[in-house]
Structure formats: structure tokens, C-alpha cells
$ cat model.cif   # mmCIF, C-alpha atoms
data_structure
loop_
_atom_site.label_atom_id
_atom_site.label_comp_id
_atom_site.auth_asym_id
_atom_site.auth_seq_id
_atom_site.Cartn_x
_atom_site.Cartn_y
_atom_site.Cartn_z
CA MET A 939 -29.46 -10.86 -3.82
CA LYS A 940 -30.52 -8.05 -6.11
CA ARG A 941 -30.86 -9.14 -9.72
CA SER A 942 -28.98 -6.13 -11.06
CA ILE A 943 -27.06 -7.23 -14.13
CA PHE A 944 -23.73 -5.71 -15.08
CA VAL A 945 -21.52 -6.52 -18.04
CA ILE A 946 -17.78 -6.74 -17.57
CA ALA A 947 -15.76 -6.28 -20.73
CA ALA A 948 -13.19 -9.06 -20.67
CA SER A 949 -10.30 -6.89 -21.86
CA ALA A 950 -10.69 -3.52 -20.13
CA LEU A 951 -13.08 -4.80 -17.42
CA VAL A 952 -15.28 -1.73 -17.65
CA LEU A 953 -18.54 -2.11 -15.72
CA VAL A 954 -21.76 -0.77 -17.17
CA VAL A 955 -25.34 -1.28 -16.08
CA SER A 956 -26.91 -3.24 -18.87
CA SER A 957 -29.03 -6.20 -19.82
CA CYS A 958 -27.31 -9.56 -19.84
CA LYS A 959 -27.17 -9.62 -23.65
CA ILE A 960 -23.78 -9.08 -25.23
CA ASN A 961 -23.76 -7.46 -28.65
CA ASN A 962 -21.75 -9.37 -31.23
CA SER A 963 -21.60 -8.96 -34.99
CA ASN A 964 -20.86 -12.64 -35.50
CA THR A 965 -23.68 -15.10 -35.97
CA THR A 966 -22.34 -17.26 -33.15
CA THR A 967 -23.07 -15.93 -29.67
CA PRO A 968 -20.08 -16.39 -27.37
CA PRO A 969 -20.66 -18.16 -24.07
CA VAL A 970 -21.17 -15.89 -21.09
CA SER A 971 -21.09 -16.47 -17.37
CA SER A 972 -21.73 -14.37 -14.28
CA PHE A 973 -20.58 -13.82 -10.74
CA ALA A 974 -21.70 -11.93 -7.66
CA VAL A 975 -19.65 -10.88 -4.65
CA VAL A 976 -20.75 -11.31 -1.02
CA HIS A 977 -18.97 -9.80 2.01
CA ALA A 978 -19.16 -12.39 4.79
CA SER A 979 -15.95 -11.70 6.76
CA PRO A 980 -17.25 -10.47 10.13
CA ASP A 981 -14.37 -8.30 11.30
CA ALA A 982 -13.08 -7.18 7.91
CA PRO A 983 -13.45 -3.52 6.91
CA ASN A 984 -15.42 -2.25 3.95
CA LEU A 985 -13.77 -3.55 0.80
CA ASN A 986 -12.84 -2.35 -2.63
CA VAL A 987 -13.06 -5.35 -4.95
CA TYR A 988 -11.27 -5.68 -8.29
CA ALA A 989 -11.29 -8.33 -11.03
CA ASN A 990 -8.30 -8.39 -13.38
CA GLY A 991 -7.50 -4.88 -12.16
CA GLY A 992 -10.94 -3.40 -12.93
CA VAL A 993 -13.28 -2.11 -10.26
CA VAL A 994 -16.12 -4.45 -9.35
CA VAL A 995 -17.45 -2.65 -6.27
CA GLN A 996 -16.15 -0.04 -3.83
CA ASN A 997 -16.70 0.56 -0.13
CA PHE A 998 -18.42 -2.80 0.09
CA ALA A 999 -19.82 -3.46 3.58
CA TYR A 1000 -20.03 -6.68 5.58
CA GLY A 1001 -23.29 -8.52 4.93
CA SER A 1002 -23.77 -6.97 1.49
CA ASP A 1003 -23.94 -8.59 -1.94
CA THR A 1004 -23.53 -7.03 -5.35
CA GLY A 1005 -25.91 -8.72 -7.73
CA TYR A 1006 -24.53 -10.47 -10.79
CA TYR A 1007 -21.88 -9.32 -13.23
CA VAL A 1008 -22.06 -10.89 -16.70
CA VAL A 1009 -18.59 -11.85 -17.95
CA GLN A 1010 -16.81 -13.90 -20.53
CA PRO A 1011 -15.61 -17.19 -19.03
CA GLY A 1012 -11.99 -17.38 -17.98
CA ILE A 1013 -9.64 -16.91 -15.05
CA TYR A 1014 -10.19 -13.73 -13.06
CA ASN A 1015 -7.73 -12.35 -10.55
CA ILE A 1016 -9.85 -11.19 -7.61
CA GLN A 1017 -8.33 -8.57 -5.34
CA MET A 1018 -9.92 -7.21 -2.18
CA VAL A 1019 -8.41 -4.24 -0.36
CA SER A 1020 -9.43 -2.20 2.62
CA ALA A 1021 -11.55 0.73 1.45
CA ALA A 1022 -10.19 2.82 4.33
CA THR A 1023 -6.45 2.09 4.12
CA SER A 1024 -5.95 0.39 0.70
CA ALA A 1025 -4.25 -2.50 2.52
CA ALA A 1026 -4.23 -5.59 0.31
CA LEU A 1027 -6.28 -8.37 1.91
CA VAL A 1028 -7.09 -10.91 -0.83
CA ASN A 1029 -5.34 -11.73 -4.09
CA GLN A 1030 -6.71 -14.94 -5.64
CA ASP A 1031 -7.50 -16.36 -9.06
CA VAL A 1032 -11.03 -17.62 -9.65
CA THR A 1033 -12.00 -19.75 -12.65
CA ILE A 1034 -15.34 -18.81 -14.22
CA GLU A 1035 -16.55 -21.62 -16.46
CA PRO A 1036 -18.75 -21.08 -19.54
CA ASN A 1037 -22.48 -20.65 -18.97
CA LYS A 1038 -22.18 -20.87 -15.19
CA ALA A 1039 -22.91 -18.45 -12.34
CA TYR A 1040 -20.99 -18.06 -9.12
CA SER A 1041 -21.16 -16.28 -5.79
CA ILE A 1042 -17.70 -15.18 -4.63
CA PHE A 1043 -17.74 -14.87 -0.84
CA ALA A 1044 -15.19 -13.00 1.25
CA ILE A 1045 -15.04 -15.27 4.30
CA ASP A 1046 -13.20 -16.00 7.56
CA SER A 1047 -11.76 -13.58 10.10
CA LEU A 1048 -9.74 -10.62 8.90
CA SER A 1049 -6.42 -12.29 9.73
CA LYS A 1050 -7.32 -15.23 7.48
CA ILE A 1051 -9.67 -13.59 4.99
CA LYS A 1052 -10.02 -15.31 1.63
CA ALA A 1053 -12.30 -15.52 -1.38
CA VAL A 1054 -14.38 -18.64 -2.00
CA ALA A 1055 -16.31 -19.15 -5.24
CA VAL A 1056 -19.50 -21.23 -5.00
CA GLU A 1057 -21.38 -22.28 -8.12
CA ASP A 1058 -24.98 -21.07 -8.26
CA ASN A 1059 -27.97 -22.57 -10.04
CA PHE A 1060 -30.99 -20.59 -11.20
CA THR A 1061 -33.37 -23.46 -11.94
CA VAL A 1062 -36.65 -21.96 -10.77
CA PRO A 1063 -39.03 -24.16 -8.75
CA SER A 1064 -42.79 -24.24 -9.08
CA SER A 1065 -44.83 -21.53 -7.36
CA ASP A 1066 -45.53 -23.75 -4.33
CA SER A 1067 -41.88 -24.65 -3.76
CA VAL A 1068 -38.50 -23.08 -3.11
CA ARG A 1069 -34.98 -24.17 -3.85
CA ILE A 1070 -32.64 -23.58 -0.94
CA ARG A 1071 -29.15 -24.33 0.34
CA PHE A 1072 -27.17 -23.58 3.49
CA LEU A 1073 -23.53 -22.49 3.64
CA HIS A 1074 -21.55 -22.31 6.89
CA PHE A 1075 -19.36 -19.20 6.96
CA SER A 1076 -19.11 -18.51 10.70
CA PRO A 1077 -15.35 -18.91 11.31
CA ASN A 1078 -15.41 -20.11 14.91
CA ALA A 1079 -18.81 -21.78 15.11
CA PRO A 1080 -18.93 -25.57 15.49
CA ALA A 1081 -20.73 -28.00 13.21
CA VAL A 1082 -24.47 -27.32 13.10
CA ASP A 1083 -27.77 -28.78 12.00
CA ILE A 1084 -30.55 -26.63 10.52
CA LEU A 1085 -34.01 -27.79 11.61
CA ASN A 1086 -37.65 -26.91 11.10
CA GLY A 1087 -39.36 -28.38 14.13
CA SER A 1088 -38.10 -31.97 14.32
CA THR A 1089 -37.17 -32.10 10.64
CA ILE A 1090 -33.49 -31.72 9.85
CA LEU A 1091 -33.07 -29.72 6.65
CA PHE A 1092 -29.26 -29.56 6.65
CA SER A 1093 -27.15 -31.88 8.77
CA ASN A 1094 -23.68 -31.62 10.34
CA ARG A 1095 -22.50 -28.58 8.42
CA ASN A 1096 -19.01 -27.27 9.11
CA PHE A 1097 -17.27 -24.02 8.28
CA ASN A 1098 -16.63 -23.71 4.53
CA ASP A 1099 -17.30 -27.44 4.06
CA GLN A 1100 -18.65 -26.99 0.53
CA GLN A 1101 -15.12 -26.16 -0.63
CA THR A 1102 -14.05 -29.79 -0.16
CA ASN A 1103 -17.44 -31.35 -0.90
CA ALA A 1104 -19.17 -29.64 -3.83
CA ALA A 1105 -22.38 -31.59 -3.19
CA LEU A 1106 -22.92 -29.41 -0.10
CA ALA A 1107 -23.32 -26.36 -2.36
CA GLN A 1108 -26.28 -27.92 -4.18
CA PHE A 1109 -29.82 -26.65 -3.74
CA THR A 1110 -32.67 -28.77 -2.39
CA THR A 1111 -36.39 -28.27 -3.09
CA ILE A 1112 -38.84 -27.83 -0.20
CA ALA A 1113 -42.36 -26.48 0.15
CA ALA A 1114 -42.84 -22.73 0.24
CA GLY A 1115 -44.13 -21.30 3.50
CA THR A 1116 -43.22 -19.86 6.89
CA TYR A 1117 -40.60 -21.80 8.83
CA ASN A 1118 -39.47 -21.66 12.44
CA LEU A 1119 -35.84 -22.55 11.88
CA GLU A 1120 -33.35 -23.55 14.56
CA VAL A 1121 -29.60 -23.74 14.24
CA ASN A 1122 -28.51 -26.50 16.63
CA LEU A 1123 -25.17 -27.94 17.58
CA ALA A 1124 -24.79 -30.91 15.24
CA GLY A 1125 -26.41 -34.06 16.59
CA SER A 1126 -27.93 -32.33 19.61
CA SER A 1127 -30.99 -30.39 20.70
CA THR A 1128 -28.87 -27.41 21.83
CA SER A 1129 -29.94 -24.33 19.88
CA VAL A 1130 -27.34 -21.70 19.06
CA LEU A 1131 -29.61 -19.51 16.94
CA SER A 1132 -33.37 -19.26 16.41
CA LEU A 1133 -34.89 -17.97 13.17
CA PRO A 1134 -38.65 -17.84 13.78
CA ASN A 1135 -41.14 -16.84 11.11
CA THR A 1136 -38.71 -17.25 8.24
CA VAL A 1137 -40.76 -16.72 5.08
CA LEU A 1138 -39.68 -18.70 2.01
CA GLN A 1139 -41.62 -17.42 -0.98
CA GLY A 1140 -42.72 -19.85 -3.67
CA GLY A 1141 -40.80 -19.81 -6.94
CA LYS A 1142 -37.64 -18.37 -5.32
CA VAL A 1143 -34.07 -19.69 -5.09
CA TYR A 1144 -32.37 -19.03 -1.75
CA THR A 1145 -28.95 -19.27 -0.19
CA ILE A 1146 -28.94 -18.98 3.60
CA TYR A 1147 -25.47 -18.65 5.09
CA ALA A 1148 -24.17 -18.56 8.65
CA LYS A 1149 -22.15 -15.43 9.36
CA GLY A 1150 -20.57 -13.65 12.29
CA PHE A 1151 -18.74 -15.14 15.26
CA ALA A 1152 -20.04 -17.52 17.89
CA GLY A 1153 -19.98 -15.27 20.95
CA GLY A 1154 -19.64 -12.16 18.79
CA LEU A 1155 -21.34 -8.90 19.67
CA GLY A 1156 -23.21 -6.31 17.65
CA THR A 1157 -22.75 -6.59 13.91
CA GLN A 1158 -20.28 -9.45 14.47
CA ALA A 1159 -22.79 -11.60 16.37
CA LEU A 1160 -23.69 -15.02 15.02
CA GLY A 1161 -26.47 -14.68 12.47
CA VAL A 1162 -27.53 -15.57 8.97
CA GLY A 1163 -27.45 -13.84 5.62
CA THR A 1164 -30.05 -14.50 2.98
CA ILE A 1165 -29.60 -14.27 -0.78
CA ILE A 1166 -32.55 -14.54 -3.19
CA HIS A 1167 -30.89 -15.45 -6.47
CA ASN A 1168 -33.87 -14.73 -8.71
CA GLU A 1169 -35.20 -11.60 -7.03
CA SER A 1170 -36.09 -8.77 -9.40
CA ASN A 1171 -35.20 -5.17 -8.67
#
$ encode --input "model.cif" --output "C-alpha cells"
Amino acid sequence: MKRSIFVIAASALVLVVSSCKINNSNTTTPPVSSFAVVHASPDAPNLNVYANGGVVVQNFAYGSDTGYYVVQPGIYNIQMVSAATSAALVNQDVTIEPNKAYSIFAIDSLSKIKAVAVEDNFTVPSSDSVRIRFLHFSPNAPAVDILNGSTILFSNRNFNDQQTNAALAQFTTIAAGTYNLEVNLAGSSTSVLSLPNTVLQGGKVYTIYAKGFAGGLGTQALGVGTIIHNESN
């Protein structure tokens, strides 16, 4: 995920490229938060995304992410519409708590598309380690395990399971290095996706998420997306 920082004015919701500092004449600095948007709905069109009626991003393609927008905490109405037809696809409220960061994913198939907010954490590991999590956003894929060799890194993960179990959105710390990852059917040795030579760079914070359809073709094929939360431009 690009570490572009944008500031969203809470009233007019005007986006400007800026640093994450918010000018304030008072001596007390108000709390700020941030969110990014990720398009992970395999058969959805490019999206125009709005928050409280203001433009967040336009013509937003599947597999893309925006970088973080710095905002005042509060409740934001997130709308996603087809960039081609202006058809309304998502209209949901998302609560942004003070001093927290979130990734807002567009997930599921087009007929059931929805927005899911997942809390992020930017605690940076040491240079020989990475912090990583896995999110399952392949709508029709079964439960899976993520392995490196015989070591299970993430076990029995189901579609969108972090929504009902917040602990599954937490990051874990592992050694930096090159991994030969396998996505297996949960509890079995049957591989559904191989990810050889996956480089995890020390000092980085990663989200790896399953995307696409099991049995899908082309851009809709089962795969993974990778977000580096503390990547500089």
C-alpha cells in the first residue's frame, strides 16, 4: 500500500495531498485517524468511492488500494458506485475511532458487494522481522491454511472471518526472508495456490489477502493481494 497521505476536511470532505499534520490554532491537537480503501470484489467494475458525499477516489480498479487518508474520527457514510454507469453498489456507515487506522475493503461478488473496515496497526518490527496478517476475501473459496513448508502460519481461515472474530485481523511477527508459501485446503495437504519466492522485507508490515474466485479465470482467478502498510513512496 502506498504511503501517500491525504487529509480529508471533516466538514466539506475536500481531499488535498498533504502531510499528516493538521494545522490548528488551539494548543490542544485534535485526535486524528486514517483510512485506506482496497478494491477486492473480483467481478465488480471500477468504482467511484465517496465518504460523506465527498470524493475519495474515482475509477478505482479491482486489486488497487489508495494509500491512507487522514481524517477526524467519526462516522463516515461510504458510498461506492460504478464508475461506468453510476449505479449505486454500496452505501454503508463506517465508524472511524480516534487515533486508529483502517483499511476499508470492497469485498464479495458484485451481487453481494459490501464494504468491510479492518483495523490496521503500524507498529514497526525490527529490521530482521516482519509483521504480517492474512485476510480471506475470496467469496467462493473454502477454508484454507497458509503454510511455509510444513509450518502453518495461518490456520483454517474462512471468507471474511475477521468480521466476527477481530483477533483474526491482528498481525503476527515472523522472521524476514524469502518464503515458499502454499495455500492449502484447511486441514489437508491439497494445495489450491502456490506462492513461491515470496519476499518479506525486514521492518515491514504486511497484509496478504486472498482475492478472486476459486475456479475463476483471468483477472478473476484465485490469487493474493499484498499491502505494505509502511511503504514509502
$ resolve_selection --input "model.cif" --expression "the PyMOL selection byres ((chain A and resi 970) around 6)" --output "NGL selection string"
:A and (969 or 971 or 1009-1010 or 1036-1037)
$ atom_distance --input "model.cif" --atom1 "atom CA of Gly1156 of chain A" --atom2 "atom CA of Ile1051 of chain A"
19.9 Å
$ resolve_selection --input "model.cif" --expression "the PyMOL selection byres ((chain A and resi 1078-1091) around 7)" --output "list in words"
Ser1076, Pro1077, Phe1092, Ser1093, Asn1094, Arg1095, Asn1096, Tyr1117, Asn1118, Leu1119, Glu1120, Val1121, Asn1122, Leu1123, Ala1124, Phe1151 and Ala1152 of chain A
$ residues_around --input "model.cif" --residues "His977 of chain A" --least-positions-apart "5" --cutoff "6 Å" --atoms "only C-alpha atoms" --output "NGL selection string"
:A and (1000-1002 or 1043-1044)
$ atom_distance --input "model.cif" --atom1 "atom CA of Lys1149 of chain A" --atom2 "atom CA of Leu1073 of chain A"
9.2 Å
$ closest_residue --input "model.cif" --among "A:Lys1052, A:Thr1157, A:Glu1035, A:Ser1064" --to "Ala999 of chain A" --atoms "all atoms listed in the file"
A:Thr1157
$ closest_residue --input "model.cif" --among "A:Gln1139, A:Thr1116, A:Asn1103, A:Asn986" --to "Ala1025 of chain A" --atoms "only C-alpha atoms"
A:Asn986
$ resolve_selection --input "model.cif" --expression "the PyMOL selection byres ((chain A and resi 1048) around 6)" --output "compact mmCIF listing (two decimals) with C-alpha atoms, in the frame of the given file"
# COMPACT_ATOMS: atom_id res chain seq x y z
CA ASP A 981 -14.37 -8.30 11.30
CA ALA A 982 -13.08 -7.18 7.91
CA SER A 1047 -11.76 -13.58 10.10
CA SER A 1049 -6.42 -12.29 9.73
CA LYS A 1050 -7.32 -15.23 7.48
CA ILE A 1051 -9.67 -13.59 4.99
$ closest_residue --input "model.cif" --among "A:Gly992, A:Gly1141, A:Gly1154, A:Pro980" --to "Ile1070 of chain A" --atoms "all atoms listed in the file"
A:Gly1141
$ atom_distance --input "model.cif" --atom1 "atom CA of Thr1128 of chain A" --atom2 "atom CA of Ile1112 of chain A"
24.2 Å
$ residues_around --input "model.cif" --residues "Ala1114 of chain A" --least-positions-apart "2" --cutoff "6 Å" --atoms "only C-alpha atoms" --output "short mmCIF file (atom, residue, chain, number, x, y, z; two decimals) with C-alpha atoms, keeping the file's coordinate frame"
data_model
loop_
_atom_site.label_atom_id
_atom_site.label_comp_id
_atom_site.auth_asym_id
_atom_site.auth_seq_id
_atom_site.Cartn_x
_atom_site.Cartn_y
_atom_site.Cartn_z
CA ASP A 1066 -45.53 -23.75 -4.33
CA SER A 1067 -41.88 -24.65 -3.76
CA VAL A 1068 -38.50 -23.08 -3.11
CA LEU A 1138 -39.68 -18.70 2.01
CA GLN A 1139 -41.62 -17.42 -0.98
CA GLY A 1140 -42.72 -19.85 -3.67
#
$ closest_residue --input "model.cif" --among "A:Val976, A:Ala1055, A:Ala1026, A:Val1032" --to "Gly1163 of chain A" --atoms "all atoms listed in the file"
A:Val976
$ residues_around --input "model.cif" --residues "Val1162 of chain A" --least-positions-apart "6" --cutoff "9 Å" --atoms "all atoms listed in the file" --output "list in words"
Leu1133, Ile1146, Tyr1147, Ala1148, Lys1149 and Gly1150 of chain A
$ closest_residue --input "model.cif" --among "A:Asp1031, A:Glu1169, A:Glu1057, A:Asp1003" --to "Val975 of chain A" --atoms "only C-alpha atoms"
A:Asp1003
$ axis_aligned_box --input "model.cif" --around "segment 1062-1073 of chain A" --padding-each-side "4 Å" --output "AutoDock Vina command-line options"
--center_x -34.5 --center_y -23.1 --center_z -3.6 --size_x 30.0 --size_y 11.1 --size_z 22.4
